[in-house]
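Heads up, the thing below is written out as C-alpha cells.
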There are 2 protein chains.
Amino acid sequence: MGITKSDIFNAKQNRLANYFKVLGHPARLAILEYVAKQEGCICNDLVDELGLAQATISQHLKALKESGIIQGTIEGKSVCYCINQEVWGSIQAEIKDLFKQELSVKSCC
Amino acid sequence: MGITKSDIFNAKQNRLANYFKVLGHPARLAILEYVAKQEGCICNDLVDELGLAQATISQHLKALKESGIIQGTIEGKSVCYCINQEVWGSIQAEIKDLFKQELSVKSCC
DNA sequence: TTTTAATATCGTAATATTGCGATGTATAAT
DNA sequence: ATTATACATCGCAATATTACGATATTAAAA
C-alpha cells in the first residue's frame, strides 16, 4: 500500500502528523533555519547554501509553503520567502499542547 | 532517488528531522496518546483501539521504540509498552528549543 | 504436552518521497 | 527584441513508507 489510512484517525491527529511530516526532513529544517536567520526573504541563495539542486530546493519550498509555515512573494524576478509567524506560531502552540498532554504520565516499565 | 542526503546537513538537523518523522504519522500519534492515557502499559488493545492490522501496529511500535520514545518490557505472554519519559522529555526540549530560535523573527512579505 | 494468546518478523503490493536534469515561464537587463 | 536570471514544474529513477496476510516465536493455559 503506502497510503496512510487518515480516515480512521481524528482531525487533530492527522493535522499534527502532517505538521510533523513537513518538519521531518533535514533540508526543510535547514531552509526554515536559513529563512529565519535572514529575517525573512532572500530566495535561492538556498541552492548555494544547501548542497541540493534547484529543483529539489523548489520542491521542499513547495512543501513548506503548502503547510503554510512559509510564504513567498514575487519580487521582481526572484521570490521573497519568509516565515508566516501566525501559522508557525499556531503550529508550535498545537505541538506544545500535545507535549503538555503527555508529560504528566509516569513510566511503568 | 528517494534517499535523503543526510551528510550535507548537521547532526542537529538530522536528529530533529528524525524525531519529527517518527511523529509524522497519525497512527503513531494515536499510539502515543493511548499509551499515555493508560498510564503506560497494556499492549495490543491497540489493534482493537485503532483500526489497523496487528502487523501494522507492531511495525509502528517498532518505529517508536527505535526512536526511544517508548519502551517495551515483556510481561508474560504480552508486552508492556510505555513512554520513556527521559527520552520523550529531551525530545520535547530540543523541539521547543528549535521553536524558541525561530520565534523572534519578523515576517517581511 | 498440546493448544491458545500475544506478539514479532517476513514478504510483498501499493503508494509516497527524494533528488535531479530538462524544460517552461516570467521579469529584468542589454 | 534578445538574452540572462530566478524560479516552478515535469518526468523519471531510486528508495522509503504504509499496510497486511502469512508465518515464526514465546509463554501461559488446558
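Identifiers in the C-alpha cells: chain A, B, ... in order shown; residue index from 1 per chain; ligand index from 1 in order shown.
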Check your understanding: Within 8 Å of Leu50 (chain B), counting only C-alpha atoms (C1' of nucleotides), which residues qualify if same-chain residues fewer than 2 places away don't, as a list in words?
Key ->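 Residues meeting the cut-off are Ile8 and Phe9 of chain A; Ala27, Ala30, Leu46, Val47, Asp48 and Leu52 of chain B.
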Store the residues of this selection in a file with C-alpha atoms, as a PDB file, in the first residue's frame.
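Here's the written file out-v1.pdb:
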ATOM      1  CA  ILE A   8      -9.522   6.133  10.956  1.00  0.00           C
ATOM      2  CA  PHE A   9      -7.777   8.899  12.887  1.00  0.00           C
TER       3      PHE A   9
ATOM      4  CA  ALA B  27      -1.167   6.041  13.856  1.00  0.00           C
ATOM      5  CA  ALA B  30      -2.605   7.718  18.302  1.00  0.00           C
ATOM      6  CA  LEU B  46      -4.140  -1.047  20.207  1.00  0.00           C
ATOM      7  CA  VAL B  47      -5.141  -3.449  17.468  1.00  0.00           C
ATOM      8  CA  ASP B  48      -8.739  -3.169  18.658  1.00  0.00           C
ATOM      9  CA  LEU B  52      -5.114  -1.365  11.842  1.00  0.00           C
TER      10      LEU B  52
END
Which polymer residues have any atom within 12 Å of an atom of DT18 (chain C), counting only C-alpha atoms (C1' of nucleotides), with same-chain residues fewer than 2 positions away left out, as a compact mmCIF listing (two decimals) with N, CA and C atoms (P, O5', C5', C4', C3', O3' and C1' of nucleotides), in the first residue's frame?
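What ended up in selection-v4.txt:
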# COMPACT_ATOMS: atom_id res chain seq x y z
N HIS A 25 12.19 16.46 7.56
CA HIS A 25 13.28 16.33 6.59
C HIS A 25 14.33 17.40 6.86
N PRO A 26 15.60 17.00 6.99
CA PRO A 26 16.64 17.96 7.37
C PRO A 26 16.74 19.16 6.42
N ALA A 27 16.47 18.94 5.15
CA ALA A 27 16.56 20.05 4.19
C ALA A 27 15.52 21.11 4.52
N LEU A 52 21.92 21.17 -2.51
CA LEU A 52 20.89 20.46 -3.28
C LEU A 52 20.56 21.22 -4.57
N ALA A 53 20.10 20.48 -5.56
CA ALA A 53 19.77 21.09 -6.85
C ALA A 53 18.61 22.06 -6.71
N ALA A 55 15.92 22.35 -8.40
CA ALA A 55 14.62 21.68 -8.48
C ALA A 55 14.22 21.07 -7.14
N THR A 56 15.23 20.54 -6.46
CA THR A 56 14.97 19.89 -5.18
C THR A 56 14.58 20.93 -4.12
N ILE A 57 15.33 22.02 -4.08
CA ILE A 57 15.02 23.09 -3.14
C ILE A 57 13.60 23.61 -3.39
N GLN A 59 11.14 22.13 -4.61
CA GLN A 59 10.18 21.13 -4.15
C GLN A 59 9.97 21.21 -2.64
N HIS A 60 11.07 21.34 -1.90
CA HIS A 60 10.96 21.45 -0.44
C HIS A 60 10.25 22.75 -0.06
N MET B 1 15.56 9.39 -6.80
CA MET B 1 16.32 8.71 -5.77
C MET B 1 15.40 8.27 -4.64
N GLY B 2 15.11 9.11 -3.64
CA GLY B 2 14.28 8.69 -2.52
C GLY B 2 15.12 8.58 -1.28
N ILE B 3 16.41 8.74 -1.46
CA ILE B 3 17.33 8.69 -0.32
C ILE B 3 17.69 10.11 0.10
N THR B 4 17.59 10.34 1.41
CA THR B 4 17.89 11.66 1.95
C THR B 4 19.39 11.85 2.10
N LYS B 5 19.88 13.00 1.63
CA LYS B 5 21.32 13.29 1.71
C LYS B 5 21.70 13.80 3.09
N SER B 6 21.70 12.94 4.08
CA SER B 6 21.93 13.35 5.47
C SER B 6 23.29 13.98 5.67
P DA C 16 -0.08 8.05 -2.66
O5' DA C 16 1.19 8.50 -1.83
C5' DA C 16 1.60 7.78 -0.69
C4' DA C 16 2.92 8.33 -0.18
C3' DA C 16 3.26 9.75 -0.60
O3' DA C 16 3.79 10.40 0.53
C1' DA C 16 4.96 8.27 -1.34
P DC C 20 20.27 16.28 -5.78
O5' DC C 20 19.90 16.17 -7.33
C5' DC C 20 20.30 15.02 -8.05
C4' DC C 20 19.73 15.09 -9.43
C3' DC C 20 20.00 16.42 -10.13
O3' DC C 20 20.58 16.16 -11.38
C1' DC C 20 17.73 15.81 -10.33
P DA D 13 12.96 5.96 -15.98
O5' DA D 13 13.97 5.79 -14.77
C5' DA D 13 15.22 6.47 -14.80
C4' DA D 13 15.82 6.47 -13.40
C3' DA D 13 15.80 5.10 -12.73
O3' DA D 13 17.08 4.85 -12.17
C1' DA D 13 14.74 6.71 -11.35
P DA D 14 17.38 3.47 -11.43
O5' DA D 14 17.30 3.89 -9.90
C5' DA D 14 18.21 4.86 -9.42
C4' DA D 14 17.91 5.11 -7.96
C3' DA D 14 17.84 3.82 -7.13
O3' DA D 14 18.66 3.99 -5.99
C1' DA D 14 15.90 5.14 -6.80
P DT D 15 18.90 2.80 -4.98
O5' DT D 15 17.89 3.15 -3.79
C5' DT D 15 17.95 4.46 -3.23
C4' DT D 15 16.71 4.72 -2.42
C3' DT D 15 16.43 3.68 -1.33
O3' DT D 15 16.52 4.36 -0.10
C1' DT D 15 14.47 4.35 -2.45
P DA D 16 16.33 3.60 1.29
O5' DA D 16 14.92 4.16 1.80
C5' DA D 16 14.59 5.52 1.60
C4' DA D 16 13.21 5.79 2.14
C3' DA D 16 12.83 4.96 3.35
O3' DA D 16 12.19 5.83 4.27
C1' DA D 16 11.25 4.60 1.62
Take chain B, lay it over chain A with a least-squares fit on all the Cα atoms in order, then hand it over as an mmCIF file with N, CA and C atoms, in the first residue's frame.
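Listing of part15.cif after writing:
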data_model
loop_
_atom_site.group_PDB
_atom_site.id
_atom_site.type_symbol
_atom_site.label_atom_id
_atom_site.label_comp_id
_atom_site.auth_asym_id
_atom_site.auth_seq_id
_atom_site.Cartn_x
_atom_site.Cartn_y
_atom_site.Cartn_z
ATOM 1 N N MET B 1 0.844 -1.338 0.557
ATOM 2 C CA MET B 1 0.065 -0.179 0.169
ATOM 3 C C MET B 1 0.939 1.069 0.116
ATOM 4 N N GLY B 2 1.140 1.790 1.220
ATOM 5 C CA GLY B 2 1.921 3.011 1.184
ATOM 6 C C GLY B 2 1.021 4.200 1.396
ATOM 7 N N ILE B 3 -0.264 3.924 1.432
ATOM 8 C CA ILE B 3 -1.241 4.991 1.663
ATOM 9 C C ILE B 3 -1.674 4.971 3.119
ATOM 10 N N THR B 4 -1.659 6.160 3.725
ATOM 11 C CA THR B 4 -2.031 6.281 5.129
ATOM 12 C C THR B 4 -3.549 6.304 5.273
ATOM 13 N N LYS B 5 -4.056 5.507 6.215
ATOM 14 C CA LYS B 5 -5.506 5.437 6.436
ATOM 15 C C LYS B 5 -5.977 6.595 7.305
ATOM 16 N N SER B 6 -5.999 7.789 6.767
ATOM 17 C CA SER B 6 -6.317 8.989 7.545
ATOM 18 C C SER B 6 -7.715 8.944 8.136
ATOM 19 N N ASP B 7 -8.615 8.240 7.466
ATOM 20 C CA ASP B 7 -10.015 8.237 7.891
ATOM 21 C C ASP B 7 -10.238 7.576 9.245
ATOM 22 N N ILE B 8 -9.301 6.751 9.696
ATOM 23 C CA ILE B 8 -9.521 6.104 10.994
ATOM 24 C C ILE B 8 -8.918 6.899 12.145
ATOM 25 N N PHE B 9 -8.328 8.044 11.855
ATOM 26 C CA PHE B 9 -7.778 8.890 12.909
ATOM 27 C C PHE B 9 -8.562 10.184 12.987
ATOM 28 N N ASN B 10 -8.448 10.872 14.119
ATOM 29 C CA ASN B 10 -9.218 12.105 14.230
ATOM 30 C C ASN B 10 -8.476 13.268 13.565
ATOM 31 N N ALA B 11 -9.196 14.368 13.416
ATOM 32 C CA ALA B 11 -8.682 15.511 12.671
ATOM 33 C C ALA B 11 -7.385 16.039 13.276
ATOM 34 N N LYS B 12 -7.351 16.084 14.591
ATOM 35 C CA LYS B 12 -6.173 16.632 15.267
ATOM 36 C C LYS B 12 -4.954 15.755 15.017
ATOM 37 N N GLN B 13 -5.158 14.456 15.096
ATOM 38 C CA GLN B 13 -4.049 13.532 14.849
ATOM 39 C C GLN B 13 -3.519 13.680 13.428
ATOM 40 N N ASN B 14 -4.416 13.785 12.477
ATOM 41 C CA ASN B 14 -3.995 13.945 11.082
ATOM 42 C C ASN B 14 -3.292 15.278 10.856
ATOM 43 N N ARG B 15 -3.846 16.321 11.451
ATOM 44 C CA ARG B 15 -3.266 17.646 11.292
ATOM 45 C C ARG B 15 -1.858 17.689 11.866
ATOM 46 N N LEU B 16 -1.736 17.228 13.126
ATOM 47 C CA LEU B 16 -0.430 17.217 13.766
ATOM 48 C C LEU B 16 0.569 16.360 13.002
ATOM 49 N N ALA B 17 0.118 15.194 12.559
ATOM 50 C CA ALA B 17 1.005 14.293 11.817
ATOM 51 C C ALA B 17 1.524 14.975 10.558
ATOM 52 N N ASN B 18 0.655 15.736 9.906
ATOM 53 C CA ASN B 18 1.079 16.450 8.705
ATOM 54 C C ASN B 18 2.125 17.522 9.004
ATOM 55 N N TYR B 19 1.945 18.231 10.099
ATOM 56 C CA TYR B 19 2.952 19.226 10.487
ATOM 57 C C TYR B 19 4.290 18.540 10.741
ATOM 58 N N PHE B 20 4.231 17.479 11.516
ATOM 59 C CA PHE B 20 5.462 16.760 11.847
ATOM 60 C C PHE B 20 6.134 16.230 10.579
ATOM 61 N N LYS B 21 5.314 15.780 9.660
ATOM 62 C CA LYS B 21 5.843 15.226 8.416
ATOM 63 C C LYS B 21 6.611 16.296 7.626
ATOM 64 N N VAL B 22 6.020 17.476 7.547
ATOM 65 C CA VAL B 22 6.684 18.568 6.829
ATOM 66 C C VAL B 22 8.033 18.886 7.480
ATOM 67 N N LEU B 23 8.045 18.848 8.812
ATOM 68 C CA LEU B 23 9.283 19.170 9.531
ATOM 69 C C LEU B 23 10.248 17.991 9.529
ATOM 70 N N GLY B 24 9.801 16.853 9.043
ATOM 71 C CA GLY B 24 10.570 15.617 9.120
ATOM 72 C C GLY B 24 11.581 15.415 8.013
ATOM 73 N N HIS B 25 12.191 16.481 7.571
ATOM 74 C CA HIS B 25 13.282 16.360 6.602
ATOM 75 C C HIS B 25 14.319 17.441 6.870
ATOM 76 N N PRO B 26 15.580 17.028 7.000
ATOM 77 C CA PRO B 26 16.626 17.981 7.377
ATOM 78 C C PRO B 26 16.731 19.171 6.419
ATOM 79 N N ALA B 27 16.465 18.952 5.141
ATOM 80 C CA ALA B 27 16.557 20.063 4.184
ATOM 81 C C ALA B 27 15.514 21.119 4.520
ATOM 82 N N ARG B 28 14.312 20.669 4.893
ATOM 83 C CA ARG B 28 13.274 21.647 5.202
ATOM 84 C C ARG B 28 13.570 22.370 6.507
ATOM 85 N N LEU B 29 14.167 21.673 7.470
ATOM 86 C CA LEU B 29 14.586 22.348 8.697
ATOM 87 C C LEU B 29 15.681 23.359 8.389
ATOM 88 N N ALA B 30 16.595 22.978 7.519
ATOM 89 C CA ALA B 30 17.688 23.884 7.143
ATOM 90 C C ALA B 30 17.141 25.117 6.439
ATOM 91 N N ILE B 31 16.167 24.907 5.583
ATOM 92 C CA ILE B 31 15.540 26.030 4.878
ATOM 93 C C ILE B 31 14.886 26.984 5.877
ATOM 94 N N LEU B 32 14.103 26.407 6.794
ATOM 95 C CA LEU B 32 13.448 27.217 7.821
ATOM 96 C C LEU B 32 14.468 28.030 8.600
ATOM 97 N N GLU B 33 15.521 27.360 9.015
ATOM 98 C CA GLU B 33 16.568 27.997 9.795
ATOM 99 C C GLU B 33 17.168 29.168 9.021
ATOM 100 N N TYR B 34 17.454 28.905 7.773
ATOM 101 C CA TYR B 34 18.069 29.938 6.934
ATOM 102 C C TYR B 34 17.137 31.121 6.718
ATOM 103 N N VAL B 35 15.910 30.805 6.380
ATOM 104 C CA VAL B 35 14.928 31.871 6.145
ATOM 105 C C VAL B 35 14.763 32.719 7.406
ATOM 106 N N ALA B 36 14.744 32.047 8.564
ATOM 107 C CA ALA B 36 14.590 32.765 9.827
ATOM 108 C C ALA B 36 15.805 33.649 10.105
ATOM 109 N N LYS B 37 16.971 33.099 9.872
ATOM 110 C CA LYS B 37 18.218 33.825 10.137
ATOM 111 C C LYS B 37 18.298 35.094 9.291
ATOM 112 N N GLN B 38 17.823 35.003 8.076
ATOM 113 C CA GLN B 38 17.874 36.153 7.161
ATOM 114 C C GLN B 38 16.793 37.182 7.461
ATOM 115 N N GLU B 39 16.140 37.050 8.602
ATOM 116 C CA GLU B 39 15.013 37.926 8.918
ATOM 117 C C GLU B 39 14.028 37.925 7.755
ATOM 118 N N GLY B 40 13.793 36.758 7.242
ATOM 119 C CA GLY B 40 12.876 36.606 6.110
ATOM 120 C C GLY B 40 13.626 36.704 4.807
ATOM 121 N N CYS B 41 12.885 36.675 3.764
ATOM 122 C CA CYS B 41 13.357 36.916 2.398
ATOM 123 C C CYS B 41 14.621 36.240 1.909
ATOM 124 N N ILE B 42 15.141 36.847 0.861
ATOM 125 C CA ILE B 42 16.290 36.323 0.119
ATOM 126 C C ILE B 42 16.007 34.871 -0.272
ATOM 127 N N CYS B 43 15.943 34.664 -1.547
ATOM 128 C CA CYS B 43 15.388 33.431 -2.088
ATOM 129 C C CYS B 43 16.400 32.317 -2.291
ATOM 130 N N ASN B 44 16.807 32.096 -3.530
ATOM 131 C CA ASN B 44 17.593 30.907 -3.736
ATOM 132 C C ASN B 44 19.100 31.049 -3.669
ATOM 133 N N ASP B 45 19.514 31.703 -2.580
ATOM 134 C CA ASP B 45 20.860 31.491 -2.073
ATOM 135 C C ASP B 45 20.846 30.098 -1.458
ATOM 136 N N LEU B 46 19.634 29.641 -1.197
ATOM 137 C CA LEU B 46 19.454 28.313 -0.608
ATOM 138 C C LEU B 46 20.132 27.249 -1.445
ATOM 139 N N VAL B 47 20.065 27.417 -2.752
ATOM 140 C CA VAL B 47 20.692 26.432 -3.641
ATOM 141 C C VAL B 47 22.202 26.395 -3.403
ATOM 142 N N ASP B 48 22.788 27.591 -3.146
ATOM 143 C CA ASP B 48 24.207 27.633 -2.842
ATOM 144 C C ASP B 48 24.460 27.167 -1.413
ATOM 145 N N GLU B 49 23.592 27.639 -0.528
ATOM 146 C CA GLU B 49 23.769 27.383 0.906
ATOM 147 C C GLU B 49 23.694 25.882 1.215
ATOM 148 N N LEU B 50 22.624 25.253 0.833
ATOM 149 C CA LEU B 50 22.480 23.799 1.016
ATOM 150 C C LEU B 50 23.077 23.167 -0.237
ATOM 151 N N GLY B 51 23.409 21.940 -0.206
ATOM 152 C CA GLY B 51 24.041 21.321 -1.377
ATOM 153 C C GLY B 51 23.058 20.544 -2.230
ATOM 154 N N LEU B 52 21.912 21.157 -2.509
ATOM 155 C CA LEU B 52 20.888 20.447 -3.272
ATOM 156 C C LEU B 52 20.568 21.185 -4.570
ATOM 157 N N ALA B 53 20.091 20.453 -5.527
ATOM 158 C CA ALA B 53 19.764 21.041 -6.822
ATOM 159 C C ALA B 53 18.614 22.027 -6.698
ATOM 160 N N GLN B 54 18.542 22.940 -7.631
ATOM 161 C CA GLN B 54 17.504 23.970 -7.599
ATOM 162 C C GLN B 54 16.116 23.353 -7.601
ATOM 163 N N ALA B 55 15.923 22.320 -8.395
ATOM 164 C CA ALA B 55 14.604 21.671 -8.477
ATOM 165 C C ALA B 55 14.211 21.060 -7.132
ATOM 166 N N THR B 56 15.213 20.529 -6.445
ATOM 167 C CA THR B 56 14.949 19.893 -5.149
ATOM 168 C C THR B 56 14.570 20.928 -4.102
ATOM 169 N N ILE B 57 15.322 22.014 -4.060
ATOM 170 C CA ILE B 57 15.007 23.101 -3.128
ATOM 171 C C ILE B 57 13.597 23.616 -3.390
ATOM 172 N N SER B 58 13.292 23.816 -4.643
ATOM 173 C CA SER B 58 11.995 24.346 -5.022
ATOM 174 C C SER B 58 10.875 23.419 -4.535
ATOM 175 N N GLN B 59 11.137 22.141 -4.612
ATOM 176 C CA GLN B 59 10.159 21.138 -4.172
ATOM 177 C C GLN B 59 9.950 21.219 -2.657
ATOM 178 N N HIS B 60 11.051 21.349 -1.914
ATOM 179 C CA HIS B 60 10.942 21.463 -0.459
ATOM 180 C C HIS B 60 10.240 22.768 -0.074
ATOM 181 N N LEU B 61 10.561 23.836 -0.806
ATOM 182 C CA LEU B 61 9.898 25.111 -0.544
ATOM 183 C C LEU B 61 8.389 24.979 -0.746
ATOM 184 N N LYS B 62 8.027 24.215 -1.762
ATOM 185 C CA LYS B 62 6.606 24.004 -2.044
ATOM 186 C C LYS B 62 5.910 23.303 -0.881
ATOM 187 N N ALA B 63 6.567 22.306 -0.329
ATOM 188 C CA ALA B 63 6.001 21.568 0.800
ATOM 189 C C ALA B 63 5.811 22.494 1.998
ATOM 190 N N LEU B 64 6.806 23.326 2.253
ATOM 191 C CA LEU B 64 6.720 24.263 3.370
ATOM 192 C C LEU B 64 5.626 25.296 3.125
ATOM 193 N N LYS B 65 5.513 25.717 1.866
ATOM 194 C CA LYS B 65 4.494 26.699 1.496
ATOM 195 C C LYS B 65 3.104 26.091 1.680
ATOM 196 N N GLU B 66 2.950 24.858 1.246
ATOM 197 C CA GLU B 66 1.635 24.208 1.343
ATOM 198 C C GLU B 66 1.193 24.026 2.789
ATOM 199 N N SER B 67 2.152 23.862 3.674
ATOM 200 C CA SER B 67 1.802 23.724 5.093
ATOM 201 C C SER B 67 1.435 25.079 5.688
ATOM 202 N N GLY B 68 1.803 26.140 4.991
ATOM 203 C CA GLY B 68 1.505 27.481 5.476
ATOM 204 C C GLY B 68 2.621 28.086 6.304
ATOM 205 N N ILE B 69 3.625 27.306 6.635
ATOM 206 C CA ILE B 69 4.700 27.787 7.511
ATOM 207 C C ILE B 69 5.470 28.935 6.871
ATOM 208 N N ILE B 70 5.728 28.824 5.576
ATOM 209 C CA ILE B 70 6.364 29.952 4.897
ATOM 210 C C ILE B 70 5.449 30.468 3.802
ATOM 211 N N GLN B 71 5.752 31.660 3.350
ATOM 212 C CA GLN B 71 4.995 32.218 2.237
ATOM 213 C C GLN B 71 5.975 32.925 1.317
ATOM 214 N N GLY B 72 5.622 33.000 0.053
ATOM 215 C CA GLY B 72 6.517 33.628 -0.904
ATOM 216 C C GLY B 72 5.830 34.773 -1.631
ATOM 217 N N THR B 73 6.548 35.845 -1.786
ATOM 218 C CA THR B 73 6.028 36.971 -2.551
ATOM 219 C C THR B 73 6.990 37.231 -3.701
ATOM 220 N N ILE B 74 6.421 37.382 -4.892
ATOM 221 C CA ILE B 74 7.263 37.647 -6.046
ATOM 222 C C ILE B 74 7.840 39.050 -5.928
ATOM 223 N N GLU B 75 9.121 39.153 -6.166
ATOM 224 C CA GLU B 75 9.807 40.424 -5.992
ATOM 225 C C GLU B 75 10.776 40.574 -7.162
ATOM 226 N N GLY B 76 10.250 41.138 -8.201
ATOM 227 C CA GLY B 76 11.051 41.219 -9.423
ATOM 228 C C GLY B 76 11.182 39.841 -10.022
ATOM 229 N N LYS B 77 12.388 39.462 -10.325
ATOM 230 C CA LYS B 77 12.550 38.150 -10.931
ATOM 231 C C LYS B 77 12.879 37.071 -9.902
ATOM 232 N N SER B 78 12.933 37.465 -8.649
ATOM 233 C CA SER B 78 13.130 36.452 -7.610
ATOM 234 C C SER B 78 11.920 36.411 -6.681
ATOM 235 N N VAL B 79 11.923 35.491 -5.744
ATOM 236 C CA VAL B 79 10.804 35.348 -4.824
ATOM 237 C C VAL B 79 11.298 35.524 -3.402
ATOM 238 N N CYS B 80 10.572 36.312 -2.659
ATOM 239 C CA CYS B 80 10.916 36.542 -1.259
ATOM 240 C C CYS B 80 10.162 35.558 -0.384
ATOM 241 N N TYR B 81 10.896 34.665 0.240
ATOM 242 C CA TYR B 81 10.274 33.692 1.142
ATOM 243 C C TYR B 81 10.458 34.122 2.570
ATOM 244 N N CYS B 82 9.409 33.990 3.355
ATOM 245 C CA CYS B 82 9.606 34.211 4.779
ATOM 246 C C CYS B 82 8.580 33.430 5.578
ATOM 247 N N ILE B 83 8.855 33.326 6.852
ATOM 248 C CA ILE B 83 8.009 32.552 7.747
ATOM 249 C C ILE B 83 6.709 33.288 7.996
ATOM 250 N N ASN B 84 5.602 32.573 7.942
ATOM 251 C CA ASN B 84 4.319 33.143 8.325
ATOM 252 C C ASN B 84 4.175 32.935 9.824
ATOM 253 N N GLN B 85 4.448 33.997 10.564
ATOM 254 C CA GLN B 85 4.498 33.867 12.024
ATOM 255 C C GLN B 85 3.198 33.381 12.626
ATOM 256 N N GLU B 86 2.100 33.765 12.014
ATOM 257 C CA GLU B 86 0.803 33.377 12.576
ATOM 258 C C GLU B 86 0.630 31.860 12.504
ATOM 259 N N VAL B 87 0.861 31.332 11.304
ATOM 260 C CA VAL B 87 0.730 29.883 11.113
ATOM 261 C C VAL B 87 1.776 29.131 11.932
ATOM 262 N N TRP B 88 3.006 29.560 11.798
ATOM 263 C CA TRP B 88 4.102 28.889 12.495
ATOM 264 C C TRP B 88 3.885 28.932 14.008
ATOM 265 N N GLY B 89 3.382 30.044 14.491
ATOM 266 C CA GLY B 89 3.078 30.165 15.909
ATOM 267 C C GLY B 89 1.987 29.208 16.347
ATOM 268 N N SER B 90 0.957 29.084 15.541
ATOM 269 C CA SER B 90 -0.158 28.229 15.957
ATOM 270 C C SER B 90 0.230 26.754 15.865
ATOM 271 N N ILE B 91 1.114 26.430 14.933
ATOM 272 C CA ILE B 91 1.620 25.056 14.858
ATOM 273 C C ILE B 91 2.437 24.748 16.114
ATOM 274 N N GLN B 92 3.285 25.683 16.474
ATOM 275 C CA GLN B 92 4.079 25.512 17.688
ATOM 276 C C GLN B 92 3.179 25.318 18.895
ATOM 277 N N ALA B 93 2.128 26.124 18.951
ATOM 278 C CA ALA B 93 1.201 26.046 20.078
ATOM 279 C C ALA B 93 0.549 24.670 20.144
ATOM 280 N N GLU B 94 0.144 24.185 18.989
ATOM 281 C CA GLU B 94 -0.538 22.897 18.960
ATOM 282 C C GLU B 94 0.414 21.762 19.345
ATOM 283 N N ILE B 95 1.640 21.859 18.916
ATOM 284 C CA ILE B 95 2.632 20.836 19.263
ATOM 285 C C ILE B 95 2.953 20.885 20.755
ATOM 286 N N LYS B 96 3.112 22.099 21.260
ATOM 287 C CA LYS B 96 3.389 22.243 22.697
ATOM 288 C C LYS B 96 2.235 21.699 23.519
ATOM 289 N N ASP B 97 1.043 21.880 23.003
ATOM 290 C CA ASP B 97 -0.153 21.384 23.669
ATOM 291 C C ASP B 97 -0.122 19.864 23.747
ATOM 292 N N LEU B 98 0.270 19.244 22.667
ATOM 293 C CA LEU B 98 0.424 17.789 22.644
ATOM 294 C C LEU B 98 1.431 17.355 23.693
ATOM 295 N N PHE B 99 2.537 18.071 23.767
ATOM 296 C CA PHE B 99 3.582 17.746 24.735
ATOM 297 C C PHE B 99 3.030 17.834 26.149
ATOM 298 N N LYS B 100 2.276 18.869 26.421
ATOM 299 C CA LYS B 100 1.744 19.097 27.752
ATOM 300 C C LYS B 100 0.863 17.908 28.175
ATOM 301 N N GLN B 101 0.031 17.499 27.232
ATOM 302 C CA GLN B 101 -0.881 16.378 27.492
ATOM 303 C C GLN B 101 -0.180 15.133 27.997
ATOM 304 N N GLU B 102 0.959 14.843 27.395
ATOM 305 C CA GLU B 102 1.593 13.557 27.651
ATOM 306 C C GLU B 102 2.798 13.644 28.568
ATOM 307 N N LEU B 103 2.960 14.798 29.195
ATOM 308 C CA LEU B 103 4.132 14.950 30.043
ATOM 309 C C LEU B 103 3.870 14.479 31.462
ATOM 310 N N SER B 104 2.581 14.419 31.810
ATOM 311 C CA SER B 104 2.215 14.090 33.183
ATOM 312 C C SER B 104 2.301 12.595 33.470
ATOM 313 N N VAL B 105 2.465 11.822 32.419
ATOM 314 C CA VAL B 105 2.407 10.376 32.543
ATOM 315 C C VAL B 105 3.640 9.801 33.240
ATOM 316 N N LYS B 106 3.426 8.802 34.040
ATOM 317 C CA LYS B 106 4.538 8.111 34.699
ATOM 318 C C LYS B 106 4.953 6.892 33.876
ATOM 319 N N SER B 107 6.232 6.643 33.849
ATOM 320 C CA SER B 107 6.720 5.411 33.215
ATOM 321 C C SER B 107 6.275 4.239 34.089
ATOM 322 N N CYS B 108 6.075 3.102 33.504
ATOM 323 C CA CYS B 108 5.643 1.959 34.313
ATOM 324 C C CYS B 108 6.491 0.725 34.080
ATOM 325 N N CYS B 109 7.405 0.769 33.120
ATOM 326 C CA CYS B 109 8.217 -0.427 32.899
ATOM 327 C C CYS B 109 9.605 -0.061 32.375
#
Using only C-alpha atoms (C1' of nucleotides) and a cut-off of 12 Å, which residues of chain D sit close to chain A? Please list them as a compact mmCIF listing (two decimals) with C-alpha atoms (C1' of nucleotides), in the first residue's frame.
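And here's part_39.txt as it stands now:
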# COMPACT_ATOMS: atom_id res chain seq x y z
C1' DA D 4 20.04 36.30 -18.89
C1' DT D 5 18.32 35.35 -14.27
C1' DA D 6 15.28 33.27 -10.94
C1' DC D 7 12.35 30.42 -10.18
C1' DA D 8 8.42 26.46 -10.96
C1' DT D 9 7.06 22.30 -12.96
C1' DC D 10 7.53 17.79 -15.43
C1' DA D 16 11.25 4.60 1.62
C1' DT D 17 6.87 4.05 3.82
C1' DT D 18 2.47 2.02 4.76
C1' DA D 19 -0.40 -1.88 5.17
C1' DC D 20 -1.37 -6.61 5.58
Review point. Where in chain A does DSSP assign helix (DSSP H, G or I), given as a ChimeraX atom specification?
Key: /A:6-8,11-23,26-37,46-49,54-67,85-103
**Study point:** Atom pair C1' of DT23 (chain C) / C1' of DT2 (chain D): separation (Å)
**Key:** 19.1 Å
Should the cut-off be 6 Å, what would the residue list for chain C against chain B look like, counting only C-alpha atoms (C1' of nucleotides), as a short mmCIF file (atom, residue, chain, number, x, y, z; two decimals) with N, CA and C atoms (P, O5', C5', C4', C3', O3' and C1' of nucleotides), in the first residue's frame?
data_model
loop_
_atom_site.label_atom_id
_atom_site.label_comp_id
_atom_site.auth_asym_id
_atom_site.auth_seq_id
_atom_site.Cartn_x
_atom_site.Cartn_y
_atom_site.Cartn_z
P DA C 6 -4.58 -12.39 23.92
"O5'" DA C 6 -3.02 -12.19 23.67
"C5'" DA C 6 -2.13 -12.16 24.78
"C4'" DA C 6 -0.76 -11.70 24.29
"C3'" DA C 6 -0.81 -10.42 23.43
"O3'" DA C 6 0.29 -9.60 23.78
"C1'" DA C 6 0.19 -12.15 22.22
P DT C 17 4.32 11.91 0.41
"O5'" DT C 17 5.90 11.70 0.34
"C5'" DT C 17 6.54 10.85 1.24
"C4'" DT C 17 8.03 10.83 0.94
"C3'" DT C 17 8.64 12.21 0.68
"O3'" DT C 17 9.77 12.32 1.53
"C1'" DT C 17 9.22 10.69 -1.04
P DT C 18 10.57 13.69 1.67
"O5'" DT C 18 11.79 13.45 0.68
"C5'" DT C 18 12.63 12.33 0.89
"C4'" DT C 18 13.67 12.24 -0.21
"C3'" DT C 18 14.32 13.58 -0.61
"O3'" DT C 18 15.73 13.44 -0.45
"C1'" DT C 18 13.63 12.34 -2.52
P DG C 19 16.67 14.71 -0.61
"O5'" DG C 19 17.04 14.65 -2.15
"C5'" DG C 19 17.74 13.52 -2.63
"C4'" DG C 19 17.90 13.64 -4.12
"C3'" DG C 19 18.29 15.04 -4.60
"O3'" DG C 19 19.58 14.98 -5.20
"C1'" DG C 19 16.55 14.08 -5.92
#
